[in-house]
Every structure is written in C-alpha cells, then in structure tokens.
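Quick notes on the structure that follows.
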Amino acid sequence: MSLPITQPDRRTFLAAGSATAAFAALGLPASAFAAPAGLRLGEPRPFSFDGLAARAKALAARPYAPGAPLPAAVLDRIDYEAHGKIRFNTDYALFKDGPGQFPVTFFHLGRFFQVPVHMYLLTRSDGDFFSREIVYDAAYFDMPADSPARELPDGAGFAGFRFQESRTGDQKKLDWRRNDWVAFLGASYFRAIGELYQYGLSARAVALDVALPDRPEEFPSFTEFYFDPPAEGGDTVVVHALFEGPSITGAYKFVMQRSRAVVMDLECQLFVRKDIGRLGLAPLTSMYWFSETAKPGAIDWRPEVHDSDGLAIWTGGGERIWRPLNNPAATTGAAFSDRQPRGFGLLQRDRNFDHYLDGVFYDRRPSLWVEPQGDWGEGEVQLIEIPTDDEIHDNTVAFWVPKAPARAGSSYRLRYRLHWTDREPYPSPLAACVATRLGRGGQPGQPRPAGVRKFMVEFLGGPLASLPFGIRPEAVLSAPSGKFSYVFTEAVPNGVAGHWRAQFDFTADGKDPVDIRLYLKNGDQTLSETWLYRYEPF
C-alpha cells in the first residue's frame with residue numbers, strides 16, 4: 001500500500017500503554033520498532049519521499065511561518081566557548097551497533113545554530129516505511145554541570161548531524177568515535193571529506209539572491225532529516241530531508257557512498273513560495289583569500305591560503321574551462337551560458353604542502369564536482385566572488401541558474417551527483433592549467449611601462465607531454481578590449497615533461513574589468529583547456 005506522510009507529532013511516549021496504542025492504531029507489531037539503546041523515540045508515522053515532497057508543496061502554498069523558537073536567552077549563552085564544551089556521547093550514536101557501518105552523531109544547538117532540526121529514524125514494516133522522531137535529551141551530550149544547554153527543554157531538536165567513519169569491515173581505518181566523513185550543520189549547508197581525509201568547502205541545498213543589490217541573501221534551513229537504516233556490509237547511506245525558507249520549500253533525498261572518496265546522488269523537488277531574483281541550484285561555497293596569482297605584501301606569512309583555487313566547467317558543447325579564483329576589490333559576478341552542462345566544480349588543484357606551510361592542510365582540501373543528471377535545460381553557471389581579508393569567510397559561490405525566472409508557484413525536479421575528490425572525476429585529455437602568475441609588464445632590464453600587466457600561465461600534461469622536440473605550442477589569446485604584447489610560450493625549466501607556460505603583457509583600455517581568454521594549440525590541434533581570467537586593471 002502507499003501511505004502519505006503526515007505532519008510529525010512532537011509528542012513522545014510517556015507510558016508503555018500509549019506506545020502500544022499507537023502501534024496498534026497503525027496495525028503494527030511494537031516489536032518491529034525497538035528503540036536503539038539509550039535513544040528516546042516518538043510515535044510512528046507513515047513515511048514516503050513522495051509524501052515528504054507533497055508536504056513541501058503544501059507549505060509553499062501558505063505564508064512562511066517558522067516554528068516556535070527556542071528560548072533565545074538560553075541559546076545566546078551557548079556561545080563559541082560554551083558550545084565547544086558540549087560533546088555528543090558516542091554511546092548514544094544511532095546505528096552504533098548496526099545496521100550498517102556508519103554510526104550517526106548529532107550537533108547541539110547554540111548561539112550560531114539556533115534553528116532546531118528534528119531527526120527521525122525510518123523503519124520498514126511489510127514494505128512500508130514509518131518514521132519515529134529521535135527526541136532530544138541533554139543526556140545524549142557530555143557537558144559541564146553549569147552549561148546553559150541544560151536549560152533547553154526535552155524535544156528541543158538538534159543543530160545537525162554527521163556520519164562517523166566505519167565501525168567495522170574493510171572501511172575501518174580510523175576510530176569511528178573520533179572521525180566523521182560527512183556533516184550537515186547550519187541552514188542547508190553540508191560538507192564531506194575527500195580522498196585526503198580533510199574537510200574544506202561546502203555544498204548546500206540552494207543559494208538564493210546571492211549578491212543582489214536590492215535584497216539580502218536568503219538562507220533556507222533543513223528542518224527535518226529521516227535516516228534509512230543501511231544494509232549490513234554496504235558503503236552507502238540514505239537520508240531524506242525537508243527544508244524551508246520565506247521564498248522556497250523542498251524535499252531532498254541523499255544517497256551517499258563512502259569509499260575512497262565520497263559520492264552523493266541527490267534528488268530534490270523544489271517549490272517556489274515567492275519570486276526569487278537569483279535561484280542558484282547545486283551551489284558550492286568555498287574560501288579563496290590569496291594564492292601565487294596575487295598576494296598583498298606582508299599580509300600573511302603563508303604563501304597561499306584557499307580551500308579552492310579555481311572553477312572548472314565542462315560545457316554541454318564539450319569545452320573544458322578553467323577560471324582561476326580572485327579575491328576582488330568589490331563583489332563581482334561571472335556567468336557562463338550553457339545548455340545541458342556536463343559538469344562544473346570548485347577545485348583545489350594545488351596539492352603542494354610547501355605552497356601553504358600550514359598545519360590545517362589546505363593542500364588536502366577536497367575538490368567538489370557537480371555532475372548533472374537528466375535534463376537541466378538552458379541556463380548559466382554563475383560564479384560570485386566577494387572580497388575578504390581573512391580565511392574565516394566563505395567568499396566564493398558557484399551554482400547553476402536556470403534560464404527561466406523563478407516565479408512564485410513554479411517548481412523544479414532535479415537530480416545530480418556530487419563528487420568529493422582530490423581532482424575532477426572525469427579529467428580532461430587536454431593539458432590543465434596549474435598556475436596563474438601576475439607581475440609588472442615589460443622586459444627585464446628595461447624601464448617598466450605604466451599600466452601594463454604581465455601574465456604567466458602554466459599548463460601541464462595532456463598532449464603537451466608528447467609534443468615533439470622543437471615544437472613550440474601557440475598561445476591563442478582574446479579579450480573584448482585592450483591590447484596584447486610580448487607574447488610567447490616556453491617549457492617550464494624544471495625537467496617535467498609537458499609542463500609549459502604562456503607569457504604575455506596586457507594593456508587595458510580603461511579601468512573596467514576585462515575577461516581574458518587563452519588556450520594552447522599546435523596547428524589545428526587544441527592542446528589545453530581554456531583559461532579564463534577576470535582582470536581588474538590597476
């Protein structure tokens with residue numbers, strides 16, 4: 001039979017009689033819904049993903065009405081220091097004893113995570129799914145006796161959750177109680193580690209009105225998560241989610257695989273409640289402060305600081321594009337029109353520790369690639385770059401914007417795959433751009449001309465590695481305005497086969513930003529991906 005989801009009830013079983021009655025009303029044996037050791041569960045409710053999407057659609061048809069807030073005076077006192085002293089006791093972890101490899105632990109609410117998120121355990125009975133809320137209890141957490149968190153009521157909810165590393169099997173390489181591989185925390189943000197066992201950039205459900213001049217950015221929140229008990233011995237977990245904000249609602253299904261890397265298959269249904277100026281789908285959020293491209297003098301002791309160093313795009317037409325990231329003087333946006341894109345991502349290509357010299361391991365930060373599935377139609381990959389003067393701010397956002405405006409009443413069904421890896425999951429056969437360097441224009445030993453910028457762009461691999469001796473690749477340059485001069489290519493003098501650089505000077509016509517395009521070729525053969533750069537004249 002097909003059962004729709006109903007509005008969850010926050011009541012819990014206070015007596016065995018009420019629990020028995022609830023199971024009996026659904027025609028279910030109570031023995032099929034035994035609670036995990038130590039966790040308190042609410043009443044069983046029928047569940048289906050279609051029902052969850054129907055709830056999201058019904059919510060979008062009504063004015064936004066956030067749930068009753070928790071005591072702000074309590075949450076505000078759970079500041080950074082107080083929150084750091086609250087630790088989830090892994091003896092209460094969901095799936096600690098199975099099924100599956102990966103236990104689930106929960107984040108506590110606090111000053112910086114005030115929206116309560118409610119967690120549900122799914123159980124299958126006779127082919128149908130039922131959900132029971134995992135009821136918040138302060139006993140799940142280790143905290144000081146005088147922690148303000150003790151003043152929150154039972155059933156308050158959580159801030160988020162994470163899947164711990166494997167507790168058993170071939171995947172058991174790290175202590176699961178101390179190490180996790182995916183985390184959902186704050187609004188609709190989530191992160192995963194890559195092959196190098198390091199967190200970095202984030203993804204989120206949607207990005208709304210990022211960097212629009214006439215309105216603030218909106219941050220919808222995941223408000224409910226539903227955990228499907230995993231199969232024994234498998235490396236995959238399934239989570240369903242409801243999210244909502246003033247302008248949009250939605251239902252998400254995450255099928256997440258932990259193997260060498262982390263791969264997520266996402267299915268979502270979105271419902272627009274109010275007109276949205278810029279609807280960003282499959283958004284990626286990262287940090288870029290400075291790199292070898294441009295570093296203000298004496299700003300920091302490290303050579304580079306960034307979670308990602310470029311935006312990569314594989315267009316529907318097959319072109320491979322690399323757009324190095326900037327830390328601009330003012331917020332800027334770039335748009336790349338496309339139809340049926342094959343993929344895009346924010347990548348960390350520079351894996352040399354000596355380029356960072358930092359114990360937080362920027363050289364290990366994952367790259368994140370979006371692989372569209374199904375018909376995405378026409379639209380744009382957009383990149384928003386926001387100025388920053390520190391590494392604590394995520395100042396880079398990339399996402400897909402459909403061509404049609406997001407009007408109230410419209411809806412979207414979307415499927416895509418996220419690859420959290422150390423490089424692109426489908427590497428180009430062409431040479432990749434590995435560095436962008438800027439300096440003063442002109443020739444060494446001669447007076448440097450005013451207003452001229454020198455570029456040195458490095459490419460590595462692909463057809464460059466098999467280029468016959470004596471053949472020099474040609475640099476193909478273009479820009480909507482300005483003038484190129486002193487253009488040439490040469491092998492990087494480090495003995496690495498296929499490592500070449502293109503050098504050129506550029507003189508802008510004025511002070512407006514200019515988009516410069518470059519690729520390498522040999523005759524009719526394209527040798528490299530296309531390098532695009534937003535140059536701000538000085």
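Chains: A, B, ... in order of the structure tokens. Residues: from 1 per chain. Ligands: from 1, in order shown.
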
**Message:** DSSP on the backbone, strand (DSSP E) only: what residues of range 254-477 of chain A does that give? Format it as number ranges by chain.
**Reply:** A: 254-258, 262-272, 279-286, 288-290, 305-306, 310-314, 320-324, 332-339, 343-347, 367-373, 378-385, 396-402, 411-421, 432-440, 452-460, 474-477

**Message:** Taking 3 positions as the minimum chain separation for residues in the same chain, which residues sit within 6 Å of Ala183 in chain A when counting only C-alpha atoms? Answer as a PyMOL selection string.
**Reply:** chain A and resi 161-162+190-191

**Request:** Just the residues within 10 Å of Thr123 in chain A, please, counting only C-alpha atoms, with nothing from its chain fewer than 3 positions along; format it as a PyMOL selection string.
**Result:** chain A and resi 32-34+44-47+120+127-132+227-229

**Message:** At a cut-off of 6 Å, using only C-alpha atoms, what residues contact range 41-43 of chain A? Leave out same-chain residues fewer than 5 positions from it and give the result as a ChimeraX atom specification.
**Reply:** /A:12,132-135

Next, write the just-selected residues to a file, as a compact mmCIF listing (two decimals), in the first residue's frame, keeping N, CA, C and O atoms as the atom set.
```txt
# COMPACT_ATOMS: atom_id res chain seq x y z
N THR A 12 6.00 12.48 22.71
CA THR A 12 6.75 11.24 22.91
C THR A 12 5.93 10.30 23.77
O THR A 12 4.94 10.70 24.38
N ARG A 132 9.98 7.63 13.24
CA ARG A 132 9.83 7.97 14.66
C ARG A 132 10.88 9.00 14.99
O ARG A 132 12.06 8.85 14.67
N GLU A 133 10.47 10.08 15.65
CA GLU A 133 11.41 11.14 15.97
C GLU A 133 12.40 10.68 17.04
O GLU A 133 12.04 10.02 18.01
N ILE A 134 13.68 11.05 16.82
CA ILE A 134 14.71 10.87 17.84
C ILE A 134 14.63 12.10 18.74
O ILE A 134 15.03 13.20 18.35
N VAL A 135 14.10 11.94 19.92
CA VAL A 135 13.75 13.06 20.78
C VAL A 135 15.00 13.57 21.49
O VAL A 135 15.73 12.81 22.14
```

**Message:** If you run DSSP on the backbone here, which positions in range 20-258 of chain A get alpha helix (DSSP H)? Please write them as JSON, numbers by chain.
**Reply:** {"A": [20, 21, 22, 23, 24, 25, 49, 50, 51, 52, 53, 54, 55, 56, 57, 58, 59, 60, 72, 73, 74, 75, 76, 77, 80, 81, 82, 83, 84]}

Residues of range 238-334 of chain A that approach range 55-69 of chain A to 9 Å or less, counting only C-alpha atoms: could you list each one with the shortest pair of atoms and its distance in Å to one decimal, rows by chain and increasing residue number, as a Markdown table?
```
| residue | atom | partner | partner_atom | distance |
| --- | --- | --- | --- | --- |
| A:Leu242 | CA | A:Ala56 | CA | 7.1 |
| A:Phe243 | CA | A:Ala56 | CA | 7.8 |
| A:Glu244 | CA | A:Ala56 | CA | 7.8 |
| A:Gly245 | CA | A:Tyr64 | CA | 7.0 |
| A:Pro246 | CA | A:Tyr64 | CA | 5.2 |
| A:Ser247 | CA | A:Tyr64 | CA | 7.9 |
| A:Ile248 | CA | A:Ala60 | CA | 6.5 |
| A:Thr249 | CA | A:Ala56 | CA | 5.5 |
| A:Gly250 | CA | A:Ala56 | CA | 5.2 |
| A:Ala251 | CA | A:Ala56 | CA | 6.3 |
| A:Gln269 | CA | A:Ala56 | CA | 8.4 |
| A:Leu270 | CA | A:Ala56 | CA | 7.8 |
| A:Phe271 | CA | A:Lys57 | CA | 5.9 |
| A:Val272 | CA | A:Ala60 | CA | 6.5 |
| A:Arg273 | CA | A:Ala60 | CA | 4.8 |
| A:Lys274 | CA | A:Ala60 | CA | 8.5 |
```

**Message:** Applying 8 Å and only C-alpha atoms, which residues near range 420-435 of chain A remain after dropping the ones on its own chain fewer than 5 positions away? List them as a PyMOL selection string.
**Reply:** chain A and resi 192-196+261-263+292-293+320+322+347-350+364-369+457-464+526-529+531

**Prompt:** Separation of CA of His240 in chain A and CA of Arg342 in chain A, in Å?
**Reply:** 25.7 Å
